[in-house]
2 protein chains.
Amino acid sequence: MKALEEKILTEGTVLPGHILKVGSFLNHQIDVDFIMEMGKEITRLFENEKITKILTIETSGIPIAVGAAANMHVPVVFAKKNKTGNLSGDVYSTVVHSYTHGTDYTVVVSKEFLTENDNVLIIDDFLANGKALIGLIDILGQAGATVAGCAIAIEKGFQKGGDNLRADGIRVESLAIIDSMDDNSITFRAQ
Amino acid sequence: MKALEEKILTEGTVLPGHILKVGSFLNHQIDVDFIMEMGKEITRLFENEKITKILTIETSGIPIAVGAAANMHVPVVFAKKNKTGNLSGDVYSTVVHSYTHGTDYTVVVSKEFLTENDNVLIIDDFLANGKALIGLIDILGQAGATVAGCAIAIEKGFQKGGDNLRADGIRVESLAIIDSMDDNSITFRAQ
């Protein structure tokens with residue numbers, strides 16, 4: 001998505017440790033008009049799939065998931081990073097390793113919101129090593145739901161999460177794939 | 001908002017400790033078409049205010065904030081509950097007490113996303129004792145921004161957070177106000 005690549009170039013900042021800061025429009029401040037455009041593009045990419053539900057993970061996947069769902073007219077389910085007191089009843093759960101924070105965390109989804117009849121599109125803001133997506137795919141497996149694919153805003157193509165998932169037969173569509181980045185330049189993969 | 005009251009009655013569950021479970025449409029699974037309708041209603045309520053930005057707090061305020069912002073065509077800023085490694089630079093911060101979890105937590109907003117020129121609408125999913133809203137109002141005060149008001153999906157009117165804020169001169173618009181609830185019945189305040 002050319003408009004996203006341009007926005008990354010104009011508004012993004014590269015920090016040490018291969019961190020791309022896009023807090024001005026994606027994951028702290030949210031440019032909602034732009035998020036809705038991203039949602040339309042995701043809808044177009046998956047228009048031949050009969051998606052019944054979108055699955056994302058808190059927090060910053062939620063706005064993009066809502067933007068896509070507003071176009072697709074399907075519900076969003078967001079996986080929660082901890083089991084809170086408000087989550088009663090049975091849940092599907094999986095453990096995800098966060099390289100950013102150097103810790104493992106448990107992700108849960110209430111069983112009532114995913115069934116074997118669902119054809120689910122997974123949406124997230126970033127894809128690097130793919131651990132969060134693998135966790136969400138695991139949860140869909142527990143539910144017996146179908147994985148229609150994954151739609152990502154920004155993939156760090158120089159880490160291998162996305163390519164590994166594609167090699168495993170998972171459809172992964174990223175609106176922008178960064179093949180390399182440093183202080184001075186960001187190179188996008190041709191799509 | 002009559003449609004929200006009806007949805008609470010048909011899909012909500014009252015748990016001990018005055019917990020209202022609305023995970024089927026508001027804060028675990030999200031009925032995005034309905035959230036967009038709520039966003040339109042919030043836009044209508046504040047149509048005479050020149051809102052420049054919406055402020056919410058992660059996690060479950062985000063979908064409603066996005067729904068309203070998609071109608072108002074303004075950005076959303078979501079306050080983060082912990083300072084993460086990805087939040088570089090200066091932040092506004094405040095401490096909020098959570099009655100649900102019995103703990104204090106720190107809320108931060110990067111200074112670059114709120115200025116004294118902003119007229120800000122605060123949006124959240126629930127309002128009970130009002131501690132989260134007071135924290136967000138404190139952050140807006142630190143930024144020198146104007147508080148246009150607060151838009152809430154569900155207010156627990158039997159707790160006094162909303163009425164206390166109104167008594168302090170803050171405009172608080174809740175799409176549904178619950179004056180009492182138990183296992184058998186939910187009573188809404190006439191609006």
# chains A, B, ... in the order shown; residues from 1 in each chain; ligands from 1
>>> residues_around(residues="Ser174 of chain A", least_positions_apart="3", cutoff="10 Å", atoms="only C-alpha atoms", output="compact mmCIF listing (two decimals) with C-alpha atoms, in the first residue's frame")
# COMPACT_ATOMS: atom_id res chain seq x y z
CA MET A 1 0.00 0.00 0.00
CA ILE A 42 -7.46 -5.32 3.75
CA ILE A 123 -5.00 -8.70 11.98
CA ASP A 124 -2.10 -7.02 13.75
CA ASP A 125 -0.13 -3.80 13.45
CA PHE A 126 3.40 -5.30 13.32
CA LEU A 127 4.91 -8.59 12.21
CA CYS A 150 -3.20 -12.74 8.32
CA ALA A 151 -3.35 -9.04 7.43
CA ILE A 152 -0.58 -6.89 8.86
CA ALA A 153 0.11 -3.17 8.64
CA ILE A 154 3.92 -3.24 8.80
CA GLU A 155 6.08 -6.35 8.39
CA LYS A 156 9.75 -6.30 9.25
CA GLY A 157 10.80 -8.48 6.34
CA GLY A 162 6.26 -13.50 7.85
CA ARG A 171 -1.57 -16.50 3.67
CA ILE A 177 7.15 -4.87 4.10
CA ILE A 178 10.42 -3.33 5.25
CA GLN A 191 4.80 -6.18 -3.86
>>> closest_atom_pairs(of="chain A", to="chain B", cutoff="10 Å", atoms="only C-alpha atoms", output="JSON lines")
{"residue": "A:Leu15", "atom": "CA", "partner": "B:Asn86", "partner_atom": "CA", "distance": 9.1}
{"residue": "A:Ile19", "atom": "CA", "partner": "B:Asn86", "partner_atom": "CA", "distance": 7.7}
{"residue": "A:Leu20", "atom": "CA", "partner": "B:Asn86", "partner_atom": "CA", "distance": 8.8}
{"residue": "A:Lys21", "atom": "CA", "partner": "B:Asn86", "partner_atom": "CA", "distance": 7.2}
{"residue": "A:Val22", "atom": "CA", "partner": "B:Asn86", "partner_atom": "CA", "distance": 9.7}
{"residue": "A:Gly23", "atom": "CA", "partner": "B:Leu87", "partner_atom": "CA", "distance": 8.3}
{"residue": "A:Ser24", "atom": "CA", "partner": "B:Phe113", "partner_atom": "CA", "distance": 7.5}
{"residue": "A:Phe25", "atom": "CA", "partner": "B:Pro75", "partner_atom": "CA", "distance": 8.1}
{"residue": "A:Leu26", "atom": "CA", "partner": "B:Val77", "partner_atom": "CA", "distance": 9.8}
{"residue": "A:Asn27", "atom": "CA", "partner": "B:Phe78", "partner_atom": "CA", "distance": 8.3}
{"residue": "A:His28", "atom": "CA", "partner": "B:Phe78", "partner_atom": "CA", "distance": 5.7}
{"residue": "A:Gln29", "atom": "CA", "partner": "B:Val77", "partner_atom": "CA", "distance": 4.2}
{"residue": "A:Ile30", "atom": "CA", "partner": "B:Val76", "partner_atom": "CA", "distance": 5.0}
{"residue": "A:Asp31", "atom": "CA", "partner": "B:Pro75", "partner_atom": "CA", "distance": 5.0}
{"residue": "A:Val32", "atom": "CA", "partner": "B:Pro75", "partner_atom": "CA", "distance": 5.7}
{"residue": "A:Asp33", "atom": "CA", "partner": "B:Ala70", "partner_atom": "CA", "distance": 6.2}
{"residue": "A:Phe34", "atom": "CA", "partner": "B:Ala70", "partner_atom": "CA", "distance": 9.5}
{"residue": "A:Ile35", "atom": "CA", "partner": "B:Ala70", "partner_atom": "CA", "distance": 9.0}
{"residue": "A:Met36", "atom": "CA", "partner": "B:Ala70", "partner_atom": "CA", "distance": 7.5}
{"residue": "A:Lys53", "atom": "CA", "partner": "B:Gln29", "partner_atom": "CA", "distance": 9.6}
{"residue": "A:Ile54", "atom": "CA", "partner": "B:Gln29", "partner_atom": "CA", "distance": 9.5}
{"residue": "A:Leu55", "atom": "CA", "partner": "B:Gln29", "partner_atom": "CA", "distance": 9.0}
{"residue": "A:Glu58", "atom": "CA", "partner": "B:Thr59", "partner_atom": "CA", "distance": 6.8}
{"residue": "A:Thr59", "atom": "CA", "partner": "B:Thr59", "partner_atom": "CA", "distance": 6.0}
{"residue": "A:Ser60", "atom": "CA", "partner": "B:Thr59", "partner_atom": "CA", "distance": 8.8}
{"residue": "A:Ile62", "atom": "CA", "partner": "B:Pro63", "partner_atom": "CA", "distance": 7.0}
{"residue": "A:Pro63", "atom": "CA", "partner": "B:Pro63", "partner_atom": "CA", "distance": 6.5}
{"residue": "A:Ile64", "atom": "CA", "partner": "B:Val66", "partner_atom": "CA", "distance": 9.5}
{"residue": "A:Ala65", "atom": "CA", "partner": "B:Pro63", "partner_atom": "CA", "distance": 9.2}
{"residue": "A:Val66", "atom": "CA", "partner": "B:Val32", "partner_atom": "CA", "distance": 6.4}
{"residue": "A:Gly67", "atom": "CA", "partner": "B:Val66", "partner_atom": "CA", "distance": 8.2}
{"residue": "A:Ala68", "atom": "CA", "partner": "B:Val32", "partner_atom": "CA", "distance": 9.5}
{"residue": "A:Ala69", "atom": "CA", "partner": "B:Val32", "partner_atom": "CA", "distance": 6.3}
{"residue": "A:Ala70", "atom": "CA", "partner": "B:Val32", "partner_atom": "CA", "distance": 5.9}
{"residue": "A:Asn71", "atom": "CA", "partner": "B:Asp33", "partner_atom": "CA", "distance": 9.0}
{"residue": "A:Met72", "atom": "CA", "partner": "B:Asp33", "partner_atom": "CA", "distance": 9.4}
{"residue": "A:His73", "atom": "CA", "partner": "B:Asp33", "partner_atom": "CA", "distance": 6.2}
{"residue": "A:Val74", "atom": "CA", "partner": "B:Val32", "partner_atom": "CA", "distance": 7.0}
{"residue": "A:Pro75", "atom": "CA", "partner": "B:Asp31", "partner_atom": "CA", "distance": 5.0}
{"residue": "A:Val76", "atom": "CA", "partner": "B:Ile30", "partner_atom": "CA", "distance": 5.0}
{"residue": "A:Val77", "atom": "CA", "partner": "B:Gln29", "partner_atom": "CA", "distance": 4.2}
{"residue": "A:Phe78", "atom": "CA", "partner": "B:His28", "partner_atom": "CA", "distance": 5.7}
{"residue": "A:Ala79", "atom": "CA", "partner": "B:His28", "partner_atom": "CA", "distance": 7.4}
{"residue": "A:Lys80", "atom": "CA", "partner": "B:His28", "partner_atom": "CA", "distance": 7.9}
{"residue": "A:Thr84", "atom": "CA", "partner": "B:His101", "partner_atom": "CA", "distance": 8.4}
{"residue": "A:Gly85", "atom": "CA", "partner": "B:His101", "partner_atom": "CA", "distance": 7.8}
{"residue": "A:Asn86", "atom": "CA", "partner": "B:Lys21", "partner_atom": "CA", "distance": 7.2}
{"residue": "A:Leu87", "atom": "CA", "partner": "B:Gly23", "partner_atom": "CA", "distance": 8.4}
{"residue": "A:Ser88", "atom": "CA", "partner": "B:Lys21", "partner_atom": "CA", "distance": 9.0}
{"residue": "A:Thr100", "atom": "CA", "partner": "B:Gly85", "partner_atom": "CA", "distance": 7.9}
{"residue": "A:His101", "atom": "CA", "partner": "B:Gly85", "partner_atom": "CA", "distance": 7.8}
{"residue": "A:Val109", "atom": "CA", "partner": "B:His28", "partner_atom": "CA", "distance": 8.0}
{"residue": "A:Ser110", "atom": "CA", "partner": "B:His28", "partner_atom": "CA", "distance": 8.1}
{"residue": "A:Glu112", "atom": "CA", "partner": "B:Ser24", "partner_atom": "CA", "distance": 8.6}
{"residue": "A:Phe113", "atom": "CA", "partner": "B:Gln29", "partner_atom": "CA", "distance": 6.7}
{"residue": "A:Leu114", "atom": "CA", "partner": "B:Gln29", "partner_atom": "CA", "distance": 9.6}
>>> select_by_dssp(residues="segment 1-188 of chain B", states="alpha helix (DSSP H)", output="short mmCIF file (atom, residue, chain, number, x, y, z; two decimals) with N, CA and C atoms, in the first residue's frame")
data_model
loop_
_atom_site.label_atom_id
_atom_site.label_comp_id
_atom_site.auth_asym_id
_atom_site.auth_seq_id
_atom_site.Cartn_x
_atom_site.Cartn_y
_atom_site.Cartn_z
N LYS B 2 -31.25 4.20 23.01
CA LYS B 2 -32.17 3.08 23.25
C LYS B 2 -31.58 1.74 22.78
N ALA B 3 -30.93 1.75 21.62
CA ALA B 3 -30.40 0.50 21.06
C ALA B 3 -29.34 -0.10 21.98
N LEU B 4 -28.57 0.75 22.67
CA LEU B 4 -27.56 0.24 23.59
C LEU B 4 -28.23 -0.36 24.83
N GLU B 5 -29.25 0.32 25.34
CA GLU B 5 -29.98 -0.24 26.51
C GLU B 5 -30.55 -1.62 26.15
N GLU B 6 -31.11 -1.74 24.96
CA GLU B 6 -31.69 -3.03 24.56
C GLU B 6 -30.61 -4.10 24.42
N LYS B 7 -29.43 -3.70 23.92
CA LYS B 7 -28.35 -4.66 23.75
C LYS B 7 -27.82 -5.12 25.12
N ILE B 8 -27.76 -4.19 26.07
CA ILE B 8 -27.33 -4.56 27.43
C ILE B 8 -28.32 -5.56 28.01
N LEU B 9 -29.61 -5.32 27.79
CA LEU B 9 -30.63 -6.22 28.35
C LEU B 9 -30.59 -7.60 27.70
N THR B 10 -30.35 -7.66 26.39
CA THR B 10 -30.38 -8.96 25.71
C THR B 10 -29.05 -9.70 25.82
N GLU B 11 -27.92 -8.98 25.81
CA GLU B 11 -26.62 -9.66 25.75
C GLU B 11 -25.80 -9.56 27.03
N VAL B 32 -18.72 -4.41 15.62
CA VAL B 32 -18.17 -3.18 15.03
C VAL B 32 -19.25 -2.34 14.36
N ASP B 33 -20.22 -2.97 13.70
CA ASP B 33 -21.31 -2.17 13.12
C ASP B 33 -22.02 -1.37 14.21
N PHE B 34 -22.20 -2.00 15.36
CA PHE B 34 -22.88 -1.31 16.46
C PHE B 34 -21.99 -0.21 17.05
N ILE B 35 -20.70 -0.51 17.16
CA ILE B 35 -19.74 0.49 17.66
C ILE B 35 -19.74 1.73 16.76
N MET B 36 -19.86 1.52 15.46
CA MET B 36 -19.89 2.65 14.53
C MET B 36 -21.16 3.48 14.75
N GLU B 37 -22.27 2.82 15.07
CA GLU B 37 -23.51 3.56 15.40
C GLU B 37 -23.34 4.37 16.68
N MET B 38 -22.67 3.78 17.66
CA MET B 38 -22.39 4.51 18.90
C MET B 38 -21.51 5.73 18.58
N GLY B 39 -20.56 5.54 17.69
CA GLY B 39 -19.70 6.65 17.30
C GLY B 39 -20.48 7.78 16.64
N LYS B 40 -21.49 7.42 15.84
CA LYS B 40 -22.34 8.45 15.21
C LYS B 40 -23.14 9.21 16.26
N GLU B 41 -23.64 8.49 17.26
CA GLU B 41 -24.43 9.13 18.32
C GLU B 41 -23.54 10.08 19.14
N ILE B 42 -22.32 9.67 19.43
CA ILE B 42 -21.39 10.54 20.16
C ILE B 42 -21.08 11.79 19.32
N THR B 43 -20.91 11.59 18.02
CA THR B 43 -20.65 12.73 17.12
C THR B 43 -21.82 13.72 17.18
N ARG B 44 -23.04 13.18 17.17
CA ARG B 44 -24.23 14.04 17.22
C ARG B 44 -24.27 14.83 18.53
N LEU B 45 -23.97 14.15 19.64
CA LEU B 45 -24.03 14.81 20.96
C LEU B 45 -23.05 15.98 21.06
N ILE B 62 -10.72 1.89 23.15
CA ILE B 62 -10.20 2.19 21.81
C ILE B 62 -11.24 1.97 20.69
N PRO B 63 -11.97 0.84 20.68
CA PRO B 63 -12.92 0.66 19.56
C PRO B 63 -13.96 1.78 19.48
N ILE B 64 -14.51 2.19 20.61
CA ILE B 64 -15.54 3.25 20.59
C ILE B 64 -14.91 4.56 20.15
N ALA B 65 -13.70 4.83 20.62
CA ALA B 65 -13.00 6.05 20.21
C ALA B 65 -12.77 6.05 18.70
N VAL B 66 -12.39 4.90 18.15
CA VAL B 66 -12.19 4.81 16.70
C VAL B 66 -13.52 5.01 15.97
N GLY B 67 -14.59 4.42 16.51
CA GLY B 67 -15.91 4.59 15.89
C GLY B 67 -16.34 6.05 15.84
N ALA B 68 -16.09 6.79 16.92
CA ALA B 68 -16.45 8.21 16.95
C ALA B 68 -15.53 9.01 16.02
N ALA B 69 -14.24 8.71 16.07
CA ALA B 69 -13.26 9.46 15.28
C ALA B 69 -13.49 9.27 13.78
N ALA B 70 -13.97 8.09 13.39
CA ALA B 70 -14.24 7.83 11.97
C ALA B 70 -15.35 8.75 11.47
N ASN B 71 -16.24 9.15 12.38
CA ASN B 71 -17.30 10.11 12.02
C ASN B 71 -16.84 11.55 12.11
N MET B 72 -16.03 11.83 13.13
CA MET B 72 -15.60 13.22 13.38
C MET B 72 -14.39 13.60 12.54
N LYS B 131 -12.31 7.24 38.28
CA LYS B 131 -10.87 7.47 38.49
C LYS B 131 -10.09 7.55 37.18
N ALA B 132 -10.44 6.73 36.20
CA ALA B 132 -9.72 6.78 34.92
C ALA B 132 -9.96 8.12 34.23
N LEU B 133 -11.22 8.59 34.24
CA LEU B 133 -11.51 9.89 33.61
C LEU B 133 -10.77 11.02 34.31
N ILE B 134 -10.73 10.98 35.64
CA ILE B 134 -10.02 12.02 36.39
C ILE B 134 -8.54 12.02 36.00
N GLY B 135 -7.98 10.83 35.81
CA GLY B 135 -6.59 10.73 35.37
C GLY B 135 -6.38 11.34 33.99
N LEU B 136 -7.31 11.06 33.07
CA LEU B 136 -7.19 11.61 31.72
C LEU B 136 -7.37 13.13 31.72
N ILE B 137 -8.29 13.62 32.56
CA ILE B 137 -8.49 15.08 32.68
C ILE B 137 -7.22 15.72 33.25
N ASP B 138 -6.59 15.04 34.19
CA ASP B 138 -5.32 15.54 34.76
C ASP B 138 -4.26 15.65 33.66
N ILE B 139 -4.18 14.65 32.80
CA ILE B 139 -3.20 14.68 31.70
C ILE B 139 -3.50 15.84 30.75
N LEU B 140 -4.79 16.06 30.46
CA LEU B 140 -5.14 17.19 29.58
C LEU B 140 -4.77 18.52 30.24
N GLY B 141 -4.93 18.59 31.58
CA GLY B 141 -4.53 19.80 32.30
C GLY B 141 -3.03 20.04 32.18
N GLN B 142 -2.24 18.96 32.28
CA GLN B 142 -0.78 19.10 32.13
C GLN B 142 -0.42 19.61 30.73
N ALA B 143 -1.21 19.20 29.73
CA ALA B 143 -0.95 19.62 28.35
C ALA B 143 -1.48 21.02 28.06
N GLY B 161 -19.15 8.37 40.16
CA GLY B 161 -18.12 9.03 39.35
C GLY B 161 -18.67 10.04 38.36
N GLY B 162 -19.70 9.64 37.63
CA GLY B 162 -20.27 10.51 36.61
C GLY B 162 -20.91 11.75 37.22
N ASP B 163 -21.72 11.54 38.26
CA ASP B 163 -22.42 12.69 38.87
C ASP B 163 -21.43 13.64 39.54
N ASN B 164 -20.36 13.10 40.13
CA ASN B 164 -19.35 13.98 40.72
C ASN B 164 -18.66 14.84 39.67
N LEU B 165 -18.35 14.23 38.52
CA LEU B 165 -17.71 14.99 37.44
C LEU B 165 -18.66 16.07 36.93
N ARG B 166 -19.95 15.72 36.77
CA ARG B 166 -20.93 16.73 36.32
C ARG B 166 -21.01 17.86 37.33
N ALA B 167 -20.99 17.54 38.63
CA ALA B 167 -21.04 18.57 39.67
C ALA B 167 -19.81 19.48 39.60
#
>>> decode(residues="segment 137-154 of chain B", atoms="N, CA and C atoms", output="PDB file, in the first residue's frame")
ATOM      1  N   ILE B 137      -8.290  13.623  32.558  1.00  0.00           N
ATOM      2  CA  ILE B 137      -8.488  15.076  32.681  1.00  0.00           C
ATOM      3  C   ILE B 137      -7.219  15.718  33.249  1.00  0.00           C
ATOM      4  N   ASP B 138      -6.589  15.042  34.192  1.00  0.00           N
ATOM      5  CA  ASP B 138      -5.316  15.537  34.756  1.00  0.00           C
ATOM      6  C   ASP B 138      -4.259  15.653  33.659  1.00  0.00           C
ATOM      7  N   ILE B 139      -4.180  14.650  32.802  1.00  0.00           N
ATOM      8  CA  ILE B 139      -3.204  14.682  31.704  1.00  0.00           C
ATOM      9  C   ILE B 139      -3.497  15.842  30.752  1.00  0.00           C
ATOM     10  N   LEU B 140      -4.792  16.063  30.455  1.00  0.00           N
ATOM     11  CA  LEU B 140      -5.142  17.194  29.575  1.00  0.00           C
ATOM     12  C   LEU B 140      -4.774  18.517  30.244  1.00  0.00           C
ATOM     13  N   GLY B 141      -4.931  18.591  31.577  1.00  0.00           N
ATOM     14  CA  GLY B 141      -4.526  19.798  32.300  1.00  0.00           C
ATOM     15  C   GLY B 141      -3.026  20.040  32.180  1.00  0.00           C
ATOM     16  N   GLN B 142      -2.237  18.964  32.276  1.00  0.00           N
ATOM     17  CA  GLN B 142      -0.779  19.096  32.127  1.00  0.00           C
ATOM     18  C   GLN B 142      -0.417  19.606  30.730  1.00  0.00           C
ATOM     19  N   ALA B 143      -1.213  19.202  29.734  1.00  0.00           N
ATOM     20  CA  ALA B 143      -0.948  19.619  28.350  1.00  0.00           C
ATOM     21  C   ALA B 143      -1.481  21.019  28.064  1.00  0.00           C
ATOM     22  N   GLY B 144      -2.301  21.554  28.979  1.00  0.00           N
ATOM     23  CA  GLY B 144      -2.944  22.835  28.723  1.00  0.00           C
ATOM     24  C   GLY B 144      -4.061  22.745  27.696  1.00  0.00           C
ATOM     25  N   ALA B 145      -4.507  21.519  27.413  1.00  0.00           N
ATOM     26  CA  ALA B 145      -5.586  21.316  26.437  1.00  0.00           C
ATOM     27  C   ALA B 145      -6.944  21.577  27.083  1.00  0.00           C
ATOM     28  N   THR B 146      -7.950  21.817  26.255  1.00  0.00           N
ATOM     29  CA  THR B 146      -9.311  22.040  26.746  1.00  0.00           C
ATOM     30  C   THR B 146     -10.058  20.708  26.813  1.00  0.00           C
ATOM     31  N   VAL B 147     -10.792  20.495  27.898  1.00  0.00           N
ATOM     32  CA  VAL B 147     -11.633  19.302  28.024  1.00  0.00           C
ATOM     33  C   VAL B 147     -13.014  19.641  27.478  1.00  0.00           C
ATOM     34  N   ALA B 148     -13.327  19.146  26.293  1.00  0.00           N
ATOM     35  CA  ALA B 148     -14.655  19.410  25.714  1.00  0.00           C
ATOM     36  C   ALA B 148     -15.726  18.628  26.455  1.00  0.00           C
ATOM     37  N   GLY B 149     -15.362  17.471  26.977  1.00  0.00           N
ATOM     38  CA  GLY B 149     -16.311  16.633  27.700  1.00  0.00           C
ATOM     39  C   GLY B 149     -15.900  15.181  27.620  1.00  0.00           C
ATOM     40  N   CYS B 150     -16.778  14.341  28.179  1.00  0.00           N
ATOM     41  CA  CYS B 150     -16.520  12.902  28.206  1.00  0.00           C
ATOM     42  C   CYS B 150     -17.714  12.188  27.587  1.00  0.00           C
ATOM     43  N   ALA B 151     -17.433  11.220  26.715  1.00  0.00           N
ATOM     44  CA  ALA B 151     -18.491  10.376  26.151  1.00  0.00           C
ATOM     45  C   ALA B 151     -18.217   8.945  26.569  1.00  0.00           C
ATOM     46  N   ILE B 152     -19.227   8.328  27.169  1.00  0.00           N
ATOM     47  CA  ILE B 152     -19.074   7.013  27.774  1.00  0.00           C
ATOM     48  C   ILE B 152     -20.123   6.086  27.180  1.00  0.00           C
ATOM     49  N   ALA B 153     -19.775   4.824  27.001  1.00  0.00           N
ATOM     50  CA  ALA B 153     -20.800   3.879  26.559  1.00  0.00           C
ATOM     51  C   ALA B 153     -21.755   3.592  27.715  1.00  0.00           C
ATOM     52  N   ILE B 154     -21.236   2.996  28.800  1.00  0.00           N
ATOM     53  CA  ILE B 154     -22.101   2.549  29.889  1.00  0.00           C
ATOM     54  C   ILE B 154     -21.631   3.157  31.203  1.00  0.00           C
TER      55      ILE B 154
END
